[in-house]
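*Asks:* Sending over a structure as structure tokens; questions will come in a sec.
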Amino acid sequence: MAGDSTLCVHEGEPVDETTGSVVTPIYQTSTFAFHDAEELSEVVRGEKSGYVYSRWSNPTVERLEQKLAALESVEDSAFFSSGMAAISTALLSIVKKGDSVVAIRDLYGETYRLFTEFLPSMGIDVSLIDTNDTEALANAVERKPKVVYIETPTNPTMKVVDIAYTAKLAHEAGSLLFVDNTFASPINQRPVKHGADLVLHSATKCINGHADVIAGAVAGSKEIVSKVRKLRRVLGGTLDPHAAWLVLRGMKTMAIRVRAQNSNAMRLAEYLEDHPKVKFVHYPGLKTHPQHEIARKQMSGYGCMLSFEIKGSMAQAMKFTESVKIAYLAGSLGGVETLVSQPSTLTHAQMKDEDKKRTGISETLIRVSVGIEDAEDIIEDFGRALESV
């Protein structure tokens, strides 16, 4: 198998046969014409490959799907108009009224809402367990849920879940394991190699890496992805071909971007860990991280994301986010620019206060998406901002 950078550049993107273009064309069309009515009928019935309508499939999007599948070491992938479209479509393609789902409590804010508000309203039973409570997980899967759902590392407290152990418990119960791999990216972690059945991404983040596209993806076996793709066609959350082209462009540099971010994040985490105004740093690459050994086992790099708690008040934490100059105060993550935010008032504002407290999302917690700027400049920026609080 080729290396990560080679896959990022070449996989799924042959030289265009018509023109010789080394860049994948943007097939910016809603529909595709046929000269033969019987051939059209065969394609619609799935008896012959081809394109009919871009909500169903599109050549630009398909090339992107081939690239991600190779990077995640799986058979197939499907892209969506957002990460939440990918997550919701994937779940609804598997679970129905009367089924149950088990998920960790540490979830991205909108995923948390999906699990706590929308799935229950559809008659789907949802059990949330404390993220690293292995006994609670073992007890929960005894109910034989259709899906066990985890993020690792988690958003925003950077807890690491043992994928192999969770997969073992899930499969013994006849359940599928879904893993949100957004924070790690396929460069740092390939969940299917550790037993996951389906990998999910907000491709807006590290996969695209340039803060100019909203996209999502699932990756796994052809059997599971085909079910997800079938529902995508009905719900309509397909990725637009121009957005797919932008993600293809972003992915060409993903390996070198992510590795630069890994290095910068480690240096910033080490700096913050020794800073007198910092209470605690959450980063799986630090030896002080509670699940550092699990991270070492299943990750090849520790990612661009970290969080830390400021010693002081919420107002002081806010002042820090307003005082950085190189970093931006903004939501999202995974891009080339460094971003800071307070999860309690942004990404997890909709979470119940009791669950915020239970998962460690304090008012003084700062989430950082580390970019590719020079590490010395990022550290100097954070040091200056910390001195101001």
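Ordered as shown in the structure tokens, chains take letters A, B, and onward, while each chain numbers its residues from 1 and ligands are numbered from 1 in the order shown.
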Residues near Ile124 (chain A), anyone? I mean within 9 Å using only C-alpha atoms, not counting same-chain ones fewer than 3 positions away, as JSON, numbers by chain.
*Replies:* {"A": [95, 96, 97, 98, 99, 100, 101, 118, 119, 120, 121]}
*Asks:* Determine, counting only C-alpha atoms, which protein, DNA and RNA residues have an atom within 8 Å of an atom of Val148 (chain A); residues of the same chain fewer than 6 positions away are not included. Present the result as a PyMOL selection string.
*Replies:* chain A and resi 101-103+141+170+175-178
*Asks:* Could you tell me how far CA of Val22 (chain A) lies from CA of Ile207 (chain A), in Å and to one decimal?
*Replies:*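 CA of Val22 (chain A) sits 20.5 Å away from CA of Ile207 (chain A).
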*Asks:* Kindly indicate which residue among A:Asn139, A:Ser81, A:Gln298, A:Thr131 lies nearest to Ala164 (chain A), using only C-alpha atoms for the distances.
*Replies:*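 For Ala164 (chain A), the nearest of the given residues is A:Gln298.
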*Asks:* Of the residues A:Lys48, A:Lys67, A:Arg105, A:Lys227, which is the one nearest to Met254 (chain A), using only C-alpha atoms?
*Replies:*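 Of the candidates, the smallest distance to Met254 (chain A) is held by A:Lys67.
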*Asks:* Counting only C-alpha atoms, what is within 12 Å of Glu135 (chain A), bar same-chain residues fewer than 6 positions away, as a ChimeraX atom specification?
*Replies:* /A:129,141-142,165-166,169
*Asks:* Residues near region 282-294 of chain A, anyone? I mean within 8 Å using only C-alpha atoms, not counting same-chain ones fewer than 4 positions away, as a ChimeraX atom specification.
*Replies:* /A:153,157-162,266,269-270,298,301-302,305-308
*Asks:* Quick one: residues within 12 Å of Glu337 (chain A), only C-alpha atoms, excluding same-chain residues fewer than 3 positions away - as a ChimeraX atom specification?
*Replies:* /A:205-206,209-212,257,260-261,264,304,325-334,340,368-375,378
*Asks:* Pick out the closest residue to Ser341 (chain A) from this set: A:Lys319, A:Arg367, A:Arg358, A:Arg63. Count only C-alpha atoms.
*Replies:*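 Looking at the shortest contact to Ser341 (chain A), the residue is A:Arg367.
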*Asks:* Would you give me, as a list in words, the residues in region 54-86 of chain A that DSSP reads as strand (DSSP E)?
*Replies:*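 Filtering region 54-86 of chain A down to strand (DSSP E) leaves Asp76, Ser77, Ala78, Phe79 and Phe80 of chain A.
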*Asks:* Have a look at A:Ala136, A:Met84, A:Lys193, A:Leu246 and name the one nearest to Arg113 (chain A); count only C-alpha atoms.
*Replies:*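 Among the listed residues, A:Met84 lies closest to Arg113 (chain A).
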*Asks:* Smallest atom-to-atom distance to Ala69 (chain A): which of A:Leu128, A:Val218, A:Leu91, A:Leu339, using only C-alpha atoms?
*Replies:*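 Of A:Leu128, A:Val218, A:Leu91, A:Leu339, the one nearest Ala69 (chain A), counting only C-alpha atoms, is A:Val218.
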